[in-house]
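Asks: Structure file start.cif (mmCIF, C-alpha atoms) right here:
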data_target
#
loop_
_atom_site.label_atom_id
_atom_site.label_comp_id
_atom_site.auth_asym_id
_atom_site.auth_seq_id
_atom_site.Cartn_x
_atom_site.Cartn_y
_atom_site.Cartn_z
CA MET P 1 3.49 16.03 24.43
CA ASN P 2 1.14 13.18 25.33
CA LYS P 3 -0.99 12.25 22.28
CA LYS P 4 -4.29 12.38 24.21
CA ILE P 5 -3.44 15.80 25.66
CA PHE P 6 -2.60 17.05 22.14
CA LYS P 7 -5.91 15.75 20.78
CA LEU P 8 -7.87 17.25 23.67
CA SER P 9 -6.18 20.64 23.27
CA TYR P 10 -6.97 20.69 19.55
CA PHE P 11 -10.68 20.14 20.08
CA ILE P 12 -10.83 22.67 22.94
CA ILE P 13 -9.59 25.30 20.46
CA ILE P 14 -12.35 24.35 18.01
CA LEU P 15 -14.88 24.46 20.82
CA LYS P 16 -13.80 28.00 21.80
CA ILE P 17 -14.17 29.20 18.21
CA ILE P 18 -17.71 27.87 18.03
CA VAL P 19 -18.65 29.44 21.34
CA LEU P 20 -17.73 32.86 19.98
CA ARG P 21 -20.12 32.56 17.01
CA GLU P 22 -23.86 32.31 16.21
CA ASP P 23 -26.73 32.21 18.71
CA ASN P 24 -26.65 30.50 22.06
CA ASP P 25 -28.83 27.51 21.13
CA MET P 26 -26.71 26.67 18.11
CA LYS P 27 -23.55 27.13 20.17
CA MET P 28 -24.71 24.58 22.67
CA LYS P 29 -25.78 22.04 20.05
CA LEU P 30 -22.51 22.19 18.16
CA ALA P 31 -20.45 22.18 21.33
CA GLY P 32 -22.37 19.13 22.51
CA ILE P 33 -21.75 17.26 19.27
CA ILE P 34 -18.01 17.94 19.37
CA ALA P 35 -17.77 17.10 23.07
CA ILE P 36 -19.53 13.75 22.56
CA THR P 37 -17.34 12.91 19.58
CA LEU P 38 -14.23 13.79 21.56
CA LEU P 39 -15.30 11.55 24.42
CA VAL P 40 -15.92 8.67 22.02
CA ALA P 41 -12.55 9.17 20.32
CA ASN P 42 -10.70 9.13 23.64
CA ALA P 43 -12.71 6.32 25.16
CA PHE P 44 -12.20 4.02 22.16
CA PRO P 45 -8.80 4.87 20.66
CA ALA P 46 -8.53 1.45 19.00
CA LEU P 47 -11.36 2.33 16.60
CA GLY P 48 -8.85 4.02 14.37
CA THR P 49 -6.16 1.35 14.53
CA ILE P 50 -8.01 -1.88 13.78
CA ILE P 51 -6.71 -3.76 10.74
CA GLU P 52 -9.47 -5.88 9.24
CA LYS P 53 -8.75 -8.67 6.74
CA ASP P 54 -11.25 -11.02 5.13
CA ASN P 55 -10.19 -14.10 3.18
CA VAL P 56 -6.48 -13.56 3.79
CA SER P 57 -4.24 -15.98 1.90
CA ASP P 58 -0.49 -16.38 1.72
CA CYS P 59 1.38 -16.05 -1.60
CA GLN P 60 -1.65 -14.90 -3.50
CA ASN P 61 -1.89 -16.64 -6.82
CA ILE P 62 -4.94 -14.92 -8.25
CA GLY P 63 -5.64 -17.11 -11.26
CA ASP P 64 -5.62 -16.59 -15.01
CA ARG P 65 -6.43 -12.88 -14.97
CA GLY P 66 -4.53 -9.64 -15.39
CA GLY P 67 -2.98 -10.24 -11.98
CA LEU P 68 -1.14 -13.57 -11.81
CA PHE P 69 0.60 -13.42 -8.42
CA ARG P 70 0.73 -10.76 -5.74
CA GLN P 71 2.02 -9.86 -2.31
CA LEU P 72 0.91 -6.49 -0.94
CA PRO P 73 2.93 -4.12 1.29
CA SER P 74 2.50 -4.45 5.02
CA PRO P 75 0.71 -1.37 6.41
CA PRO P 76 2.40 0.96 8.92
CA ASP P 77 2.26 -0.73 12.28
CA ASP P 78 4.26 -1.15 15.46
CA PRO P 79 6.97 -2.28 14.87
CA MET P 80 7.24 -0.70 11.42
CA PRO P 81 7.68 -3.13 8.52
CA THR P 82 11.17 -3.44 7.06
CA CYS P 83 12.15 -2.05 3.67
CA TRP P 84 14.97 -4.12 2.17
CA PRO P 85 17.62 -2.10 0.27
CA SER P 86 18.08 -3.44 -3.27
CA ASP P 87 20.56 -1.09 -4.88
CA LEU P 88 23.40 -1.64 -7.34
CA ASN P 89 25.48 1.24 -5.94
CA GLU P 90 25.24 -0.21 -2.43
CA GLY P 91 26.05 -3.75 -3.56
CA LEU P 92 22.74 -5.00 -2.15
CA ARG P 93 20.16 -7.15 -3.93
CA VAL P 94 16.81 -8.68 -2.97
CA TYR P 95 15.52 -11.92 -4.49
CA GLU P 96 11.85 -12.90 -4.01
CA ASP P 97 10.12 -16.09 -5.09
CA PHE P 98 6.76 -16.74 -6.77
CA MET P 99 4.91 -19.90 -7.72
CA ASP P 100 2.02 -21.45 -9.68
CA VAL P 101 1.87 -18.72 -12.33
CA SER P 102 -0.16 -20.22 -15.16
CA ASN P 103 -0.17 -17.42 -17.78
CA PRO P 104 2.61 -15.40 -19.44
CA ILE P 105 4.25 -12.64 -17.36
CA CYS P 106 4.31 -9.29 -19.20
CA HIS P 107 3.96 -6.62 -16.52
CA ILE P 108 5.19 -6.00 -12.97
CA HIS P 109 4.15 -3.75 -10.08
CA TRP P 110 6.06 -3.24 -6.83
CA TRP P 111 6.18 -1.05 -3.70
CA GLY P 112 9.09 0.55 -1.93
CA GLN P 113 10.65 3.57 -0.30
CA ALA P 114 13.34 6.04 -1.31
CA ILE P 115 15.87 6.34 1.49
CA LYS P 116 19.20 8.06 2.09
CA GLN P 117 21.97 7.29 4.55
CA ILE P 118 24.13 10.14 5.86
CA ASN P 119 26.70 9.47 8.59
CA ASP P 120 25.01 6.17 9.54
CA THR P 121 21.63 7.91 9.87
CA TRP P 122 18.66 7.17 7.61
CA TYR P 123 16.59 9.92 5.96
CA PRO P 124 13.64 9.97 3.53
CA GLY P 125 14.79 10.22 -0.10
CA ASN P 126 13.25 10.99 -3.48
CA PRO P 127 12.30 8.24 -6.00
CA GLU P 128 12.07 10.68 -8.95
CA GLY P 129 14.09 9.45 -11.93
CA MET P 130 14.91 6.03 -10.47
CA VAL P 131 16.03 3.46 -13.05
CA PHE P 132 15.97 -0.29 -12.36
CA ASP P 133 17.19 -3.63 -13.63
CA ILE P 134 14.61 -6.42 -13.26
CA ILE P 135 15.93 -9.98 -13.44
CA PHE P 136 14.01 -13.28 -13.36
CA TYR P 137 15.52 -16.59 -12.28
CA GLU P 138 14.50 -20.22 -12.31
CA ASP P 139 13.80 -21.85 -8.96
CA ASP P 140 16.53 -24.13 -7.64
CA SER P 141 15.02 -26.18 -4.81
CA GLY P 142 13.72 -23.10 -2.98
CA SER P 143 16.51 -20.65 -3.85
CA PRO P 144 17.37 -18.47 -6.88
CA GLY P 145 18.68 -20.53 -9.76
CA THR P 146 19.72 -19.78 -13.34
CA GLU P 147 19.10 -16.24 -14.65
CA VAL P 148 16.58 -16.52 -17.50
CA TYR P 149 15.26 -13.01 -18.32
CA THR P 150 16.93 -9.63 -17.76
CA PHE P 151 15.25 -6.26 -18.31
CA SER P 152 17.72 -3.39 -18.10
CA ASP P 153 17.26 0.35 -17.60
CA ILE P 154 13.58 0.21 -16.69
CA SER P 155 12.05 3.62 -15.89
CA PRO P 156 8.78 2.76 -14.15
CA ILE P 157 5.67 4.80 -13.45
CA ILE P 158 6.11 6.05 -9.86
CA ILE P 159 3.18 7.14 -7.68
CA GLY P 160 3.30 8.47 -4.12
CA THR P 161 0.70 6.67 -2.01
CA GLY P 162 0.54 9.20 0.84
CA ILE P 163 1.07 6.31 3.28
CA MET P 164 3.84 7.19 5.72
CA TYR P 165 6.14 4.90 7.71
CA GLU P 166 7.37 6.52 10.92
CA TYR P 167 10.69 5.03 11.98
CA PRO P 168 11.68 6.18 15.48
CA ASP P 169 15.39 6.60 14.63
CA TRP P 170 14.83 8.84 11.58
CA PRO P 171 15.45 12.51 12.50
CA GLU P 172 13.82 14.06 9.41
CA GLY P 173 10.32 12.61 9.70
CA PRO P 174 8.45 9.68 8.16
CA SER P 175 9.18 7.94 4.86
CA GLU P 176 6.50 7.66 2.15
CA LEU P 177 5.47 4.39 0.49
CA TYR P 178 5.75 4.56 -3.32
CA TYR P 179 4.07 2.41 -5.95
CA PHE P 180 6.04 1.42 -9.09
CA GLU P 181 4.70 -0.08 -12.32
CA ALA P 182 6.49 -1.22 -15.50
CA ASP P 183 5.70 -2.95 -18.77
CA LEU P 184 8.42 -5.50 -19.54
CA ASN P 185 7.87 -5.27 -23.35
CA LEU P 186 8.09 -9.04 -23.49
CA CYS P 187 5.79 -11.85 -22.37
CA PHE P 188 7.33 -15.06 -21.07
CA ASP P 189 6.33 -18.22 -19.20
CA LEU P 190 7.84 -18.95 -15.79
CA SER P 191 5.55 -20.89 -13.48
CA ASN P 192 7.86 -21.04 -10.44
CA GLY P 193 10.79 -18.71 -10.08
CA TRP P 194 12.41 -15.67 -8.53
CA VAL P 195 12.56 -11.97 -9.32
CA SER P 196 15.11 -9.34 -8.32
CA ILE P 197 14.45 -5.60 -8.70
CA ILE P 198 17.62 -3.50 -8.34
CA LYS P 199 17.88 0.28 -8.50
CA LYS P 200 20.83 1.36 -10.63
CA TYR P 201 20.28 5.15 -10.87
CA SER P 202 18.64 7.93 -8.87
CA SER P 203 18.68 11.68 -9.52
CA ASP P 204 19.66 12.40 -5.90
CA ASP P 205 21.46 9.13 -5.07
CA SER P 206 18.55 7.81 -3.02
CA ILE P 207 18.61 4.11 -2.18
CA PHE P 208 15.64 1.94 -3.13
CA GLY P 209 14.15 -0.06 -0.26
CA TRP P 210 11.77 -2.85 -1.35
CA SER P 211 8.79 -2.87 1.04
CA GLU P 212 8.02 -5.85 3.24
CA SER P 213 4.86 -7.93 2.67
CA SER P 214 2.95 -10.10 5.11
CA ASP P 215 1.37 -12.14 2.29
CA GLY P 216 4.32 -14.38 1.42
CA ASN P 217 5.96 -17.63 2.47
CA ASP P 218 8.91 -16.21 4.47
CA ASN P 219 11.42 -17.09 1.76
CA LEU P 220 13.51 -14.11 0.68
CA TYR P 221 17.20 -13.77 -0.14
CA TRP P 222 19.09 -10.57 0.61
CA ASN P 223 22.31 -10.90 -1.36
CA TYR P 224 22.92 -14.60 -0.70
CA ASP P 225 21.53 -14.78 2.83
CA LYS P 226 18.11 -16.33 3.33
CA GLN P 227 15.70 -14.19 5.35
CA PRO P 228 12.30 -15.15 6.90
CA ASN P 229 10.58 -12.23 5.13
CA ASP P 230 8.83 -11.27 1.90
CA VAL P 231 8.50 -8.16 -0.27
CA ALA P 232 5.57 -6.56 -2.10
CA PHE P 233 4.96 -7.01 -5.83
CA ILE P 234 2.43 -8.09 -8.46
CA LEU P 235 3.10 -10.12 -11.60
CA ALA P 236 0.59 -9.39 -14.34
CA GLU P 237 -0.27 -10.58 -17.83
CA SER P 238 -1.20 -7.10 -19.01
CA GLY P 239 -1.02 -3.49 -17.95
CA GLU P 240 -4.49 -2.89 -19.35
CA PRO P 241 -7.03 -3.02 -16.49
CA ASP P 242 -9.99 -5.40 -16.53
CA LEU P 243 -11.60 -3.53 -13.64
CA GLU P 244 -12.76 0.07 -13.39
CA ILE P 245 -12.54 1.48 -9.86
CA ASN P 246 -14.68 4.26 -8.37
CA VAL P 247 -13.94 5.34 -4.78
CA LYS P 248 -16.67 7.08 -2.79
CA GLY P 249 -16.72 8.73 0.63
CA GLY P 250 -19.48 9.51 3.09
CA LEU P 251 -19.97 7.60 6.33
CA GLY P 252 -16.98 5.44 5.52
CA VAL P 253 -15.20 4.51 2.29
CA THR P 254 -16.61 2.37 -0.52
CA ALA P 255 -14.78 1.19 -3.63
CA ASN P 256 -17.04 0.07 -6.47
CA PHE P 257 -15.46 -2.03 -9.21
CA ASN P 258 -16.86 -2.91 -12.63
CA ASN P 259 -15.62 -5.67 -14.96
CA ILE P 260 -14.88 -3.76 -18.18
CA GLY P 261 -13.14 -6.70 -19.83
CA ASN P 262 -14.52 -9.42 -22.07
CA GLU P 263 -14.03 -12.36 -19.70
CA THR P 264 -15.41 -13.38 -16.31
CA ILE P 265 -13.06 -12.56 -13.42
CA THR P 266 -12.72 -15.35 -10.87
CA ASN P 267 -10.82 -15.89 -7.63
CA ALA P 268 -9.34 -12.37 -7.48
CA PRO P 269 -8.69 -10.65 -4.14
CA VAL P 270 -9.62 -6.99 -3.67
CA ASP P 271 -8.00 -4.88 -0.96
CA LEU P 272 -9.13 -1.54 0.46
CA LEU P 273 -6.80 0.45 2.71
CA VAL P 274 -7.45 3.70 4.58
CA TYR P 275 -4.56 5.35 6.40
CA GLY P 276 -3.71 8.67 8.04
CA GLY P 277 -5.57 11.21 10.17
CA MET P 278 -4.33 13.02 13.25
CA LEU P 279 -1.38 11.13 14.79
CA SER P 280 -1.85 8.47 12.05
CA LYS P 281 -4.55 6.80 14.14
CA ILE P 282 -6.54 5.64 11.10
CA ASN P 283 -5.08 2.37 9.80
CA LYS P 284 -7.66 0.08 8.23
CA HIS P 285 -7.32 -2.76 5.74
CA LYS P 286 -10.08 -4.98 4.42
CA ARG P 287 -9.76 -7.81 1.90
CA ILE P 288 -12.41 -9.75 0.01
CA THR P 289 -12.23 -12.23 -2.85
CA ILE P 290 -14.14 -11.93 -6.12
CA ASP P 291 -15.47 -15.44 -6.67
CA THR P 292 -17.14 -14.65 -10.02
CA LEU P 293 -17.59 -11.30 -11.76
CA PRO P 294 -18.92 -11.48 -15.37
CA PRO P 295 -18.35 -8.62 -17.86
CA ASP P 296 -20.31 -5.40 -17.17
CA ILE P 297 -21.15 -6.51 -13.61
CA ASN P 298 -20.36 -4.39 -10.55
CA GLY P 299 -19.03 -5.34 -7.14
CA SER P 300 -17.97 -3.36 -4.08
CA ILE P 301 -15.87 -3.36 -0.94
CA GLY P 302 -16.32 -0.92 1.94
CA ILE P 303 -15.13 0.13 5.39
CA PRO P 304 -17.96 1.85 7.30
CA LEU P 305 -17.90 4.49 10.05
CA ILE P 306 -14.26 5.53 10.22
CA LEU P 307 -13.62 7.85 13.15
CA GLY P 308 -10.81 10.39 12.92
CA PHE P 309 -9.66 13.81 11.80
CA GLY P 310 -7.16 14.93 9.16
CA LYS P 311 -5.70 13.97 5.81
CA ILE P 312 -6.07 10.35 4.72
CA SER P 313 -4.86 8.13 1.89
CA ILE P 314 -7.07 5.47 0.30
CA GLY P 315 -5.63 2.55 -1.66
CA VAL P 316 -7.54 0.02 -3.77
CA ILE P 317 -5.78 -3.04 -5.22
CA ALA P 318 -8.14 -5.17 -7.31
CA ASP P 319 -6.79 -7.89 -9.62
CA ASN P 320 -4.00 -6.03 -11.48
CA VAL P 321 -5.52 -2.57 -10.89
CA VAL P 322 -3.86 -0.32 -8.28
CA GLU P 323 -5.34 3.08 -7.45
CA TYR P 324 -4.59 5.61 -4.71
CA LYS P 325 -6.77 8.55 -3.67
CA SER P 326 -6.31 11.31 -1.13
CA GLY P 327 -9.04 12.54 1.18
CA PHE P 328 -9.94 14.11 4.49
CA GLN P 329 -11.55 12.55 7.54
CA LEU P 330 -13.90 14.90 9.41
CA LEU P 331 -14.92 12.89 12.47
CA PHE P 332 -17.26 10.24 10.97
CA LEU P 333 -17.42 11.87 7.51
CA THR P 334 -14.96 10.75 4.80
CA ILE P 335 -14.32 13.28 2.02
CA ILE P 336 -12.60 12.06 -1.17
CA LYS P 337 -10.58 14.58 -3.19
#
Can you present the structure in this file as structure tokens?
Replies:
Amino acid sequence: MNKKIFKLSYFIIILKIIVLREDNDMKMKLAGIIAITLLVANAFPALGTIIEKDNVSDCQNIGDRGGLFRQLPSPPDDPMPTCWPSDLNEGLRVYEDFMDVSNPICHIHWWGQAIKQINDTWYPGNPEGMVFDIIFYEDDSGSPGTEVYTFSDISPIIIGTGIMYEYPDWPEGPSELYYFEADLNLCFDLSNGWVSIIKKYSSDDSIFGWSESSDGNDNLYWNYDKQPNDVAFILAESGEPDLEINVKGGLGVTANFNNIGNETITNAPVDLLVYGGMLSKINKHKRITIDTLPPDINGSIGIPLILGFGKISIGVIADNVVEYKSGFQLLFLTIIK
């Protein structure tokens, strides 16, 4: 069914329900509000699909803070971003580079999907119980060099983001983006180098696909073949957050952040993402940079007047703090759960 026809039919049903209730004046007022909103939504369909980015930078080195280097996952778009299988059982491995890291690396975050292949067809999988090996390498003139640190049998924290990637050739529906986080139990110095994250075990034999990022330098190796792509991860000095995040709804979404650490935060990007709604029409991303944020001082980032209807996911990535919330978009009103 045509998407606009589906949307129109849905609101006609709501309109009929309202017409059967309450007094005539109230019926007309409510019907008028819904009719106007419907006209706006159909006249300006791009309102829900704009991706906004402020202060975008490639290969984000974010200074001497909890977050040392980061590349965030590309949002669902057309065409859908690639997820690169990195899986010991499949004989596939992804290598990604990083640079200009000035403090010790102790902690790592990454994003990916759980996928399954049955008879040459891809299906969504389950990341529960995934175990990884994480290996760091020296840089050898722009390619992976000598292996220097190996972390085996890592069982990370795994969080479902609620952000769905709809691949047209997948018969069983969209695939969810998952966020992974692990403490390496060792701090080490490696200013320029490479990292490989390989899944070695899954409770249902799902394959790990490392999610593509648009923040990098187009220098990725898949097995030993160079690819003009990048994948999403954060290198951090500590798993303990320096920022406290509070997400609020209303006429839009606002994320307030407070420096709860003992040092001033400088040169740290903050990203706010809102995704979902009917037919996944809501897809917004805004980025700012914290120039200076002393201890006990607040800052904020917001996306105003989101238009849509249905379940939404909200993601905030600030310094080394990653937080996801679920909510509901009711026309212009954003409700946070």
Asks: Find the distance between CA of Leu88 (chain P) and CA of Gly160 (chain P) and write it in Å to one decimal.
Replies: 22.7 Å
Asks: With only C-alpha atoms as the basis for distance, which of P:Ile297, P:Ile234, P:Ile105, P:Leu273 is at the shortest distance from Arg70 (chain P)?
Replies: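 Checking each of P:Ile297, P:Ile234, P:Ile105, P:Leu273 against Arg70 (chain P), counting only C-alpha atoms, the winner is P:Ile234.
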Asks: Quick one: which residues end up in the PyMOL selection byres ((chain P and resi 253) around 7) for this structure, as a PyMOL selection string?
Replies: chain P and resi 248-252+254-255+302-304+334
Asks: Using all atoms listed in the file - which residues lie no farther than 7 Å from the point (17.6, -7.3, -15.4) in the file's frame? Write them as an MDAnalysis selection string.
Replies: chainID P and resid 133:135 149:152
Asks: Find the residue from P:Leu177, P:Ile290, P:Cys187, P:Ala236 that sits nearest to Gln113 (chain P); use all atoms listed in the file when measuring.
Replies: P:Leu177
Asks: Which residue is closest to Gly308 (chain P)? Choose from P:Ile163, P:Val195, P:Val321, P:Leu333 and count only C-alpha atoms.
Replies: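 Closest candidate: P:Leu333.
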Asks: Interatomic distance between CA of Asp230 (chain P) and CA of Asn320 (chain P)?
Replies: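 Atom-to-atom, CA of Asp230 (chain P) and CA of Asn320 (chain P) are spaced 19.3 Å apart.
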Asks: Hey, what comes out of the PyMOL selection byres ((chain P and resi 86) around 7) on this file? Could you write it as JSON, numbers by chain?
Replies: {"P": [84, 85, 87, 88, 92, 93, 94, 197, 198, 199, 208, 209, 210]}
Asks: With C-alpha atoms kept, could you save the residues just selected as an mmCIF file, keeping the file's coordinate frame?
Replies:
data_model
loop_
_atom_site.group_PDB
_atom_site.id
_atom_site.type_symbol
_atom_site.label_atom_id
_atom_site.label_comp_id
_atom_site.auth_asym_id
_atom_site.auth_seq_id
_atom_site.Cartn_x
_atom_site.Cartn_y
_atom_site.Cartn_z
ATOM 1 C CA TRP P 84 14.970 -4.120 2.170
ATOM 2 C CA PRO P 85 17.620 -2.100 0.270
ATOM 3 C CA ASP P 87 20.560 -1.090 -4.880
ATOM 4 C CA LEU P 88 23.400 -1.640 -7.340
ATOM 5 C CA LEU P 92 22.740 -5.000 -2.150
ATOM 6 C CA ARG P 93 20.160 -7.150 -3.930
ATOM 7 C CA VAL P 94 16.810 -8.680 -2.970
ATOM 8 C CA ILE P 197 14.450 -5.600 -8.700
ATOM 9 C CA ILE P 198 17.620 -3.500 -8.340
ATOM 10 C CA LYS P 199 17.880 0.280 -8.500
ATOM 11 C CA PHE P 208 15.640 1.940 -3.130
ATOM 12 C CA GLY P 209 14.150 -0.060 -0.260
ATOM 13 C CA TRP P 210 11.770 -2.850 -1.350
#
Asks: I'd like the contact shell of Ile260 (chain P) - 8 Å cut-off, only C-alpha atoms, skipping same-chain residues fewer than 2 positions apart - returned as a PyMOL selection string.
Replies: chain P and resi 242-244+258+262+295-296
Asks: Extract, using all atoms listed in the file, all DNA, RNA and protein residues at most 7 Å from Trp111 (chain P), discarding same-chain residues fewer than 5 positions from it, and format them as number ranges by chain.
Replies: P: 73, 177-180, 210-211, 232-233
Asks: Could you tell me which residues the PyMOL selection byres ((chain P and resi 66) around 8) grabs in this file, written as JSON, numbers by chain?
Replies: {"P": [64, 65, 67, 68, 236, 237, 238, 239, 240, 241, 242, 319, 320]}
Asks: Within 12 Å of region 98-103 of chain P, which residues of region 110-179 of chain P show up? Give each one with its shortest atom-to-atom distance in Å (one decimal) and the two atoms involved, counting all atoms listed in the file, rows by chain then rising residue number, as JSON lines.
Replies:
{"residue": "P:Phe136", "atom": "CA", "partner": "P:Phe98", "partner_atom": "CA", "distance": 10.4}
{"residue": "P:Tyr137", "atom": "CA", "partner": "P:Phe98", "partner_atom": "CA", "distance": 10.3}
{"residue": "P:Glu138", "atom": "CA", "partner": "P:Phe98", "partner_atom": "CA", "distance": 10.1}
{"residue": "P:Asp139", "atom": "CA", "partner": "P:Phe98", "partner_atom": "CA", "distance": 9.0}
{"residue": "P:Gly142", "atom": "CA", "partner": "P:Phe98", "partner_atom": "CA", "distance": 10.2}
{"residue": "P:Ser143", "atom": "CA", "partner": "P:Phe98", "partner_atom": "CA", "distance": 10.9}
{"residue": "P:Pro144", "atom": "CA", "partner": "P:Phe98", "partner_atom": "CA", "distance": 10.8}
Asks: Have a look at P:Ile154, P:Leu279, P:Val270, P:Ile245 and name the one nearest to Lys325 (chain P); count only C-alpha atoms.
Replies: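 Going through P:Ile154, P:Leu279, P:Val270, P:Ile245 one by one, the smallest distance to Lys325 (chain P) is for P:Ile245.
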